[in-house]
$ cat model_11.txt   # compact mmCIF, N, CA and C atoms
# COMPACT_ATOMS: atom_id res chain seq x y z
N MET U 55 -32.22 0.78 -18.83
CA MET U 55 -31.26 -0.29 -18.88
C MET U 55 -30.50 -0.33 -17.56
N GLY U 56 -30.36 -1.53 -16.99
CA GLY U 56 -29.71 -1.70 -15.70
C GLY U 56 -28.20 -1.74 -15.80
N ARG U 57 -27.59 -1.59 -14.70
CA ARG U 57 -26.14 -1.63 -14.60
C ARG U 57 -25.67 -3.07 -14.73
N SER U 58 -24.64 -3.34 -15.55
CA SER U 58 -24.13 -4.71 -15.69
C SER U 58 -23.16 -4.99 -14.56
N ARG U 59 -23.30 -6.15 -13.99
CA ARG U 59 -22.46 -6.55 -12.86
C ARG U 59 -21.40 -7.51 -13.35
N VAL U 60 -20.22 -7.46 -12.71
CA VAL U 60 -19.10 -8.31 -13.12
C VAL U 60 -18.58 -9.11 -11.93
N CYS U 61 -17.91 -10.20 -12.24
CA CYS U 61 -17.31 -11.09 -11.25
C CYS U 61 -16.19 -10.34 -10.52
N ALA U 62 -16.10 -10.50 -9.21
CA ALA U 62 -15.09 -9.81 -8.40
C ALA U 62 -13.68 -10.35 -8.65
N VAL U 63 -13.55 -11.55 -9.25
CA VAL U 63 -12.24 -12.14 -9.47
C VAL U 63 -11.77 -11.96 -10.91
N CYS U 64 -12.58 -12.41 -11.86
CA CYS U 64 -12.11 -12.43 -13.26
C CYS U 64 -12.69 -11.31 -14.11
N GLY U 65 -13.73 -10.65 -13.67
CA GLY U 65 -14.31 -9.55 -14.42
C GLY U 65 -15.34 -9.97 -15.46
N ALA U 66 -15.68 -11.25 -15.51
CA ALA U 66 -16.72 -11.71 -16.44
C ALA U 66 -18.09 -11.23 -15.96
N GLY U 67 -19.00 -11.11 -16.87
CA GLY U 67 -20.35 -10.67 -16.53
C GLY U 67 -21.10 -11.70 -15.71
N LEU U 68 -21.89 -11.22 -14.76
CA LEU U 68 -22.73 -12.11 -13.96
C LEU U 68 -24.08 -12.27 -14.65
N PRO U 69 -24.73 -13.43 -14.49
CA PRO U 69 -26.05 -13.62 -15.12
C PRO U 69 -27.09 -12.67 -14.51
N ARG U 70 -27.95 -12.13 -15.36
CA ARG U 70 -28.98 -11.18 -14.89
C ARG U 70 -30.00 -11.87 -13.98
N ALA U 71 -30.23 -13.14 -14.20
CA ALA U 71 -31.23 -13.86 -13.42
C ALA U 71 -30.73 -14.25 -12.04
N GLY U 72 -29.46 -14.04 -11.77
CA GLY U 72 -28.88 -14.43 -10.49
C GLY U 72 -29.28 -13.51 -9.36
N SER U 73 -28.93 -13.90 -8.17
CA SER U 73 -29.24 -13.13 -6.98
C SER U 73 -28.50 -11.79 -7.00
N ALA U 74 -29.06 -10.80 -6.33
CA ALA U 74 -28.43 -9.48 -6.27
C ALA U 74 -27.17 -9.52 -5.40
N ARG U 75 -27.06 -10.53 -4.54
CA ARG U 75 -25.90 -10.66 -3.67
C ARG U 75 -24.75 -11.43 -4.32
N ARG U 76 -24.98 -11.99 -5.48
CA ARG U 76 -23.97 -12.81 -6.14
C ARG U 76 -22.74 -11.97 -6.50
N ARG U 77 -21.53 -12.48 -6.20
CA ARG U 77 -20.30 -11.74 -6.45
C ARG U 77 -19.38 -12.43 -7.45
N TYR U 78 -19.56 -13.73 -7.66
CA TYR U 78 -18.63 -14.51 -8.49
C TYR U 78 -19.40 -15.21 -9.61
N CYS U 79 -18.73 -15.38 -10.75
CA CYS U 79 -19.39 -15.98 -11.90
C CYS U 79 -19.45 -17.50 -11.81
N SER U 80 -18.54 -18.12 -11.05
CA SER U 80 -18.51 -19.58 -10.98
C SER U 80 -17.93 -20.03 -9.64
N ASP U 81 -18.02 -21.33 -9.40
CA ASP U 81 -17.43 -21.90 -8.19
C ASP U 81 -15.91 -21.76 -8.19
N VAL U 82 -15.30 -21.79 -9.37
CA VAL U 82 -13.84 -21.64 -9.48
C VAL U 82 -13.42 -20.27 -8.97
N CYS U 83 -14.09 -19.22 -9.41
CA CYS U 83 -13.77 -17.86 -8.96
C CYS U 83 -14.04 -17.70 -7.47
N ARG U 84 -15.10 -18.31 -6.97
CA ARG U 84 -15.40 -18.24 -5.55
C ARG U 84 -14.30 -18.91 -4.74
N ALA U 85 -13.80 -20.05 -5.19
CA ALA U 85 -12.71 -20.75 -4.49
C ALA U 85 -11.41 -19.94 -4.54
N LEU U 86 -11.12 -19.31 -5.69
CA LEU U 86 -9.92 -18.47 -5.79
C LEU U 86 -9.99 -17.29 -4.83
N ALA U 87 -11.15 -16.67 -4.70
CA ALA U 87 -11.31 -15.56 -3.78
C ALA U 87 -11.11 -16.02 -2.34
N TYR U 88 -11.63 -17.20 -2.01
CA TYR U 88 -11.46 -17.74 -0.67
C TYR U 88 -9.99 -17.97 -0.36
N ARG U 89 -9.25 -18.58 -1.29
CA ARG U 89 -7.81 -18.82 -1.08
C ARG U 89 -7.05 -17.52 -0.92
N ASP U 90 -7.41 -16.51 -1.71
CA ASP U 90 -6.75 -15.21 -1.59
C ASP U 90 -7.00 -14.59 -0.22
N ARG U 91 -8.23 -14.71 0.29
CA ARG U 91 -8.53 -14.17 1.62
C ARG U 91 -7.73 -14.90 2.70
N GLN U 92 -7.64 -16.22 2.58
CA GLN U 92 -6.89 -16.99 3.57
C GLN U 92 -5.40 -16.61 3.55
N THR U 93 -4.83 -16.46 2.37
CA THR U 93 -3.42 -16.08 2.25
C THR U 93 -3.19 -14.69 2.83
N SER U 94 -4.09 -13.76 2.55
CA SER U 94 -3.96 -12.40 3.08
C SER U 94 -3.98 -12.40 4.60
N GLU U 95 -4.86 -13.18 5.19
CA GLU U 95 -4.93 -13.26 6.64
C GLU U 95 -3.65 -13.84 7.23
N ARG U 96 -3.08 -14.85 6.56
CA ARG U 96 -1.82 -15.43 7.04
C ARG U 96 -0.69 -14.43 6.95
N ILE U 97 -0.62 -13.68 5.85
CA ILE U 97 0.44 -12.69 5.68
C ILE U 97 0.35 -11.64 6.77
N ILE U 98 -0.84 -11.14 7.04
CA ILE U 98 -1.02 -10.13 8.08
C ILE U 98 -0.66 -10.70 9.45
N GLY U 99 -1.09 -11.92 9.72
CA GLY U 99 -0.78 -12.55 11.00
C GLY U 99 0.70 -12.75 11.22
N VAL U 100 1.40 -13.26 10.21
CA VAL U 100 2.84 -13.47 10.33
C VAL U 100 3.56 -12.13 10.44
N GLY U 101 3.10 -11.14 9.71
CA GLY U 101 3.70 -9.80 9.82
C GLY U 101 3.58 -9.23 11.22
N LEU U 102 2.39 -9.37 11.82
CA LEU U 102 2.20 -8.87 13.19
C LEU U 102 3.07 -9.63 14.18
N LEU U 103 3.12 -10.95 14.05
CA LEU U 103 3.96 -11.74 14.96
C LEU U 103 5.44 -11.39 14.82
N THR U 104 5.89 -11.19 13.57
CA THR U 104 7.28 -10.84 13.33
C THR U 104 7.61 -9.47 13.92
N ALA U 105 6.73 -8.52 13.74
CA ALA U 105 6.95 -7.18 14.29
C ALA U 105 6.99 -7.22 15.82
N GLU U 106 6.07 -7.97 16.41
CA GLU U 106 6.04 -8.07 17.87
C GLU U 106 7.31 -8.74 18.39
N ALA U 107 7.75 -9.80 17.74
CA ALA U 107 8.98 -10.49 18.17
C ALA U 107 10.20 -9.60 17.99
N GLY U 108 10.21 -8.78 16.95
CA GLY U 108 11.32 -7.86 16.74
C GLY U 108 11.37 -6.77 17.80
N ILE U 109 10.20 -6.27 18.19
CA ILE U 109 10.14 -5.22 19.21
C ILE U 109 10.55 -5.76 20.58
N THR U 110 10.06 -6.96 20.92
CA THR U 110 10.36 -7.53 22.23
C THR U 110 11.73 -8.20 22.27
N GLY U 111 12.34 -8.44 21.11
CA GLY U 111 13.65 -9.08 21.07
C GLY U 111 13.59 -10.58 21.28
N ASP U 112 12.46 -11.20 20.98
CA ASP U 112 12.29 -12.65 21.13
C ASP U 112 12.99 -13.35 19.97
N ILE U 113 14.21 -13.79 20.18
CA ILE U 113 15.02 -14.39 19.12
C ILE U 113 14.45 -15.74 18.69
N GLU U 114 13.92 -16.52 19.63
CA GLU U 114 13.36 -17.83 19.30
C GLU U 114 12.15 -17.70 18.37
N ALA U 115 11.29 -16.74 18.66
CA ALA U 115 10.11 -16.53 17.81
C ALA U 115 10.53 -16.06 16.43
N LEU U 116 11.51 -15.18 16.35
CA LEU U 116 12.00 -14.73 15.04
C LEU U 116 12.59 -15.89 14.25
N ALA U 117 13.29 -16.79 14.93
CA ALA U 117 13.88 -17.94 14.25
C ALA U 117 12.79 -18.83 13.65
N ARG U 118 11.63 -18.95 14.33
CA ARG U 118 10.54 -19.77 13.81
C ARG U 118 9.78 -19.08 12.69
N LEU U 119 9.73 -17.76 12.71
CA LEU U 119 8.92 -17.01 11.74
C LEU U 119 9.67 -16.62 10.48
N LEU U 120 11.00 -16.57 10.54
CA LEU U 120 11.78 -16.12 9.39
C LEU U 120 12.56 -17.27 8.78
N CYS U 121 12.74 -17.21 7.47
CA CYS U 121 13.53 -18.20 6.74
C CYS U 121 14.99 -18.09 7.20
N PRO U 122 15.63 -19.20 7.58
CA PRO U 122 17.01 -19.13 8.05
C PRO U 122 18.02 -18.75 6.96
N VAL U 123 17.64 -18.83 5.70
CA VAL U 123 18.56 -18.52 4.60
C VAL U 123 18.48 -17.05 4.22
N CYS U 124 17.28 -16.54 3.92
CA CYS U 124 17.14 -15.18 3.39
C CYS U 124 16.47 -14.22 4.36
N ARG U 125 16.02 -14.71 5.52
CA ARG U 125 15.38 -13.90 6.56
C ARG U 125 14.05 -13.28 6.12
N GLN U 126 13.38 -13.86 5.14
CA GLN U 126 12.04 -13.43 4.73
C GLN U 126 11.02 -14.20 5.58
N PRO U 127 9.83 -13.65 5.81
CA PRO U 127 8.81 -14.36 6.59
C PRO U 127 8.37 -15.65 5.89
N VAL U 128 8.21 -16.70 6.66
CA VAL U 128 7.73 -17.99 6.15
C VAL U 128 6.23 -18.05 6.37
N LEU U 129 5.48 -18.35 5.32
CA LEU U 129 4.03 -18.41 5.41
C LEU U 129 3.55 -19.84 5.29
N PRO U 130 3.52 -20.61 6.39
CA PRO U 130 3.05 -21.99 6.31
C PRO U 130 1.56 -22.04 6.09
N GLY U 131 1.09 -23.19 5.66
CA GLY U 131 -0.33 -23.39 5.40
C GLY U 131 -0.66 -23.07 3.95
N GLY U 132 -1.88 -23.29 3.55
CA GLY U 132 -2.26 -23.06 2.16
C GLY U 132 -1.61 -24.10 1.27
N ARG U 133 -0.78 -23.66 0.35
CA ARG U 133 -0.09 -24.59 -0.55
C ARG U 133 1.23 -25.08 0.04
N ARG U 134 1.57 -24.61 1.22
CA ARG U 134 2.81 -24.97 1.87
C ARG U 134 2.52 -25.85 3.08
N ARG U 135 3.50 -26.64 3.48
CA ARG U 135 3.33 -27.47 4.67
C ARG U 135 3.19 -26.60 5.90
N ARG U 136 2.47 -27.10 6.88
CA ARG U 136 2.29 -26.33 8.11
C ARG U 136 3.59 -26.21 8.90
N ASP U 137 4.52 -27.15 8.72
CA ASP U 137 5.79 -27.11 9.43
C ASP U 137 6.93 -26.62 8.52
N ALA U 138 6.60 -25.76 7.55
CA ALA U 138 7.59 -25.25 6.61
C ALA U 138 8.66 -24.46 7.35
N ARG U 139 9.93 -24.68 6.99
CA ARG U 139 11.04 -23.95 7.61
C ARG U 139 11.60 -22.89 6.69
N TYR U 140 11.42 -23.06 5.39
CA TYR U 140 12.01 -22.14 4.41
C TYR U 140 10.89 -21.45 3.63
N CYS U 141 11.19 -20.26 3.15
CA CYS U 141 10.16 -19.47 2.45
C CYS U 141 9.91 -20.00 1.04
N SER U 142 10.86 -20.72 0.45
CA SER U 142 10.70 -21.22 -0.91
C SER U 142 11.55 -22.47 -1.10
N GLY U 143 11.33 -23.14 -2.22
CA GLY U 143 12.15 -24.29 -2.56
C GLY U 143 13.60 -23.90 -2.82
N THR U 144 13.81 -22.70 -3.33
CA THR U 144 15.17 -22.22 -3.60
C THR U 144 15.96 -22.13 -2.29
N CYS U 145 15.35 -21.57 -1.26
CA CYS U 145 16.05 -21.45 0.03
C CYS U 145 16.27 -22.83 0.66
N GLY U 146 15.33 -23.74 0.49
CA GLY U 146 15.51 -25.10 1.00
C GLY U 146 16.69 -25.79 0.32
N THR U 147 16.82 -25.60 -0.99
CA THR U 147 17.93 -26.19 -1.73
C THR U 147 19.25 -25.56 -1.32
N ARG U 148 19.27 -24.25 -1.14
CA ARG U 148 20.50 -23.58 -0.70
C ARG U 148 20.94 -24.09 0.66
N ALA U 149 20.00 -24.28 1.58
CA ALA U 149 20.34 -24.79 2.90
C ALA U 149 20.87 -26.22 2.80
N TRP U 150 20.28 -27.04 1.97
CA TRP U 150 20.74 -28.42 1.80
C TRP U 150 22.15 -28.44 1.24
N ARG U 151 22.42 -27.60 0.24
CA ARG U 151 23.77 -27.55 -0.35
C ARG U 151 24.80 -27.08 0.66
N HIS U 152 24.39 -26.20 1.56
CA HIS U 152 25.30 -25.72 2.58
C HIS U 152 25.59 -26.81 3.62
N ARG U 153 24.59 -27.67 3.91
CA ARG U 153 24.74 -28.73 4.91
C ARG U 153 25.52 -29.93 4.40
N ARG U 154 25.40 -30.26 3.13
CA ARG U 154 26.00 -31.49 2.61
C ARG U 154 27.53 -31.39 2.62
N PRO U 155 28.20 -32.54 2.65
CA PRO U 155 29.67 -32.50 2.63
C PRO U 155 30.16 -31.99 1.28
N PRO U 156 31.32 -31.34 1.26
CA PRO U 156 31.82 -30.79 0.00
C PRO U 156 32.15 -31.90 -0.99
N LEU U 157 32.04 -31.56 -2.26
CA LEU U 157 32.38 -32.51 -3.31
C LEU U 157 33.88 -32.72 -3.34
N GLU U 158 34.31 -33.77 -4.04
CA GLU U 158 35.74 -34.03 -4.16
C GLU U 158 36.41 -32.90 -4.92
N GLY U 159 37.73 -32.92 -4.93
CA GLY U 159 38.52 -31.88 -5.58
C GLY U 159 38.38 -31.90 -7.09
N PRO U 160 39.31 -31.27 -7.79
CA PRO U 160 39.25 -31.19 -9.26
C PRO U 160 39.30 -32.57 -9.92
N GLU U 161 39.05 -32.59 -11.18
CA GLU U 161 38.96 -33.84 -11.96
C GLU U 161 40.23 -34.68 -11.88
N GLU U 162 41.42 -34.07 -11.86
CA GLU U 162 42.64 -34.86 -11.90
C GLU U 162 42.85 -35.68 -10.63
N HIS U 163 42.18 -35.38 -9.55
CA HIS U 163 42.33 -36.13 -8.32
C HIS U 163 41.36 -37.30 -8.22
N ARG U 164 40.40 -37.35 -9.08
CA ARG U 164 39.42 -38.43 -9.04
C ARG U 164 39.99 -39.68 -9.69
N ALA U 165 39.48 -40.82 -9.26
CA ALA U 165 39.89 -42.09 -9.87
C ALA U 165 39.36 -42.15 -11.29
N PRO U 166 40.09 -42.77 -12.19
CA PRO U 166 39.61 -42.84 -13.58
C PRO U 166 38.32 -43.65 -13.66
N ALA U 167 37.47 -43.25 -14.56
CA ALA U 167 36.20 -43.93 -14.74
C ALA U 167 36.42 -45.31 -15.34
N VAL U 168 35.63 -46.26 -14.92
CA VAL U 168 35.72 -47.62 -15.45
C VAL U 168 35.00 -47.64 -16.79
N THR U 169 35.70 -48.14 -17.79
CA THR U 169 35.08 -48.24 -19.12
C THR U 169 34.85 -49.70 -19.45
N SER U 170 33.96 -49.94 -20.34
CA SER U 170 33.68 -51.32 -20.73
C SER U 170 34.80 -51.82 -21.65
N SER U 171 34.87 -53.12 -21.86
CA SER U 171 35.90 -53.69 -22.73
C SER U 171 35.62 -53.35 -24.19
N ARG U 172 34.41 -52.96 -24.48
CA ARG U 172 34.06 -52.60 -25.84
C ARG U 172 34.71 -51.30 -26.27
N HIS U 173 34.82 -50.39 -25.36
CA HIS U 173 35.39 -49.07 -25.65
C HIS U 173 36.70 -48.91 -24.91
N GLN U 174 37.69 -49.54 -25.40
CA GLN U 174 38.98 -49.50 -24.73
C GLN U 174 39.65 -48.14 -24.96
N THR U 175 40.41 -47.74 -23.97
CA THR U 175 41.13 -46.48 -24.12
C THR U 175 42.32 -46.68 -25.04
N ALA U 176 42.95 -45.59 -25.45
CA ALA U 176 44.06 -45.63 -26.43
C ALA U 176 45.24 -46.43 -25.92
N GLY U 177 45.54 -46.38 -24.64
CA GLY U 177 46.70 -47.08 -24.08
C GLY U 177 46.50 -48.58 -23.91
N HIS U 178 45.28 -49.04 -23.99
CA HIS U 178 44.99 -50.47 -23.73
C HIS U 178 44.36 -51.15 -24.92
N ARG U 179 44.76 -50.80 -26.10
CA ARG U 179 44.17 -51.43 -27.30
C ARG U 179 44.68 -52.86 -27.46
N ALA U 180 43.81 -53.71 -27.92
CA ALA U 180 44.20 -55.11 -28.17
C ALA U 180 45.09 -55.15 -29.40
N ARG U 181 46.09 -56.01 -29.35
CA ARG U 181 47.04 -56.10 -30.48
C ARG U 181 46.79 -57.30 -31.30
$ encode --input "model_11.txt" --output "C-alpha cells"
Amino acid sequence: MGRSRVCAVCGAGLPRAGSARRRYCSDVCRALAYRDRQTSERIIGVGLLTAEAGITGDIEALARLLCPVCRQPVLPGGRRRRDARYCSGTCGTRAWRHRRPPLEGPEEHRAPAVTSSRHQTAGHRAR
C-alpha cells in the first residue's frame, strides 16, 4: 500500500491518478498558496527595508514604511492599495478623527432642534 498524499494548504487527500509533482487539491488551494507566498515576500522585503532605514537613520524612508499612527510596518499591495499610508482601517480612521475639526461643545450650547408642527413641544401647545 502506497503512502497517501495530502494538499499542502488544506490537508485534503490528493487523487492517486494525479501527477507525482502535484501539491494542491484544487485551483483554489493553489491560488491561496500563491497569495501566501506573495505576502511573505512583501513582509520580508518591508522588514529588510525598515531595518536598513533604522540603521542608517533615514527618517524619510521610515516615514514611508511605517504607519504614522501606530508605527507598525505598512504592507502595500495584495489586498491593500499600493499607495497605502496606514497599516489598517483602524489607523486610517484614527488619523482622520485627529485631523478633523473638533465637534461642538456640550448639548446645552447647541441650538435647539427644529421640530415639526405635528409634534409641538410643551411650551408651544395650541390653545
$ residues_around --input "model_11.txt" --residues "region 80-90 of chain U" --least-positions-apart "4" --cutoff "6.5 Å" --atoms "all atoms listed in the file" --output "ChimeraX atom specification"
/U:63-64,94-95
$ closest_residue --input "model_11.txt" --among "U:Thr93, U:Ser58, U:Thr147, U:Thr104" --to "Ala117 (chain U)" --atoms "only C-alpha atoms"
U:Thr104
$ atom_distance --input "model_11.txt" --atom1 "atom N of Arg154 (chain U)" --atom2 "atom C of Ile113 (chain U)"
23.9 Å
$ atom_distance --input "model_11.txt" --atom1 "CA of Arg75 (chain U)" --atom2 "CA of Ile97 (chain U)"
28.0 Å
$ atom_distance --input "model_11.txt" --atom1 "atom N of Gly143 (chain U)" --atom2 "atom N of Cys124 (chain U)"
10.8 Å
$ axis_aligned_box --input "model_11.txt" --around "region 71-79 of chain U" --padding-each-side "4 Å" --output "AutoDock Vina command-line options"
--center_x -24.9 --center_y -13.5 --center_z -8.9 --size_x 20.6 --size_y 16.0 --size_z 18.5
$ closest_residue --input "model_11.txt" --among "U:Pro122, U:Pro156, U:Arg96, U:Leu103" --to "Arg136 (chain U)" --atoms "only C-alpha atoms"
U:Arg96
$ closest_residue --input "model_11.txt" --among "U:Val123, U:Ala107, U:Cys79, U:Ala62" --to "Trp150 (chain U)" --atoms "only C-alpha atoms"
U:Val123
$ residues_around --input "model_11.txt" --residues "Cys121 (chain U)" --least-positions-apart "6" --cutoff "10 Å" --atoms "only C-alpha atoms" --output "VMD selection string"
chain U and resid 127 to 129 138 to 142 145 to 146
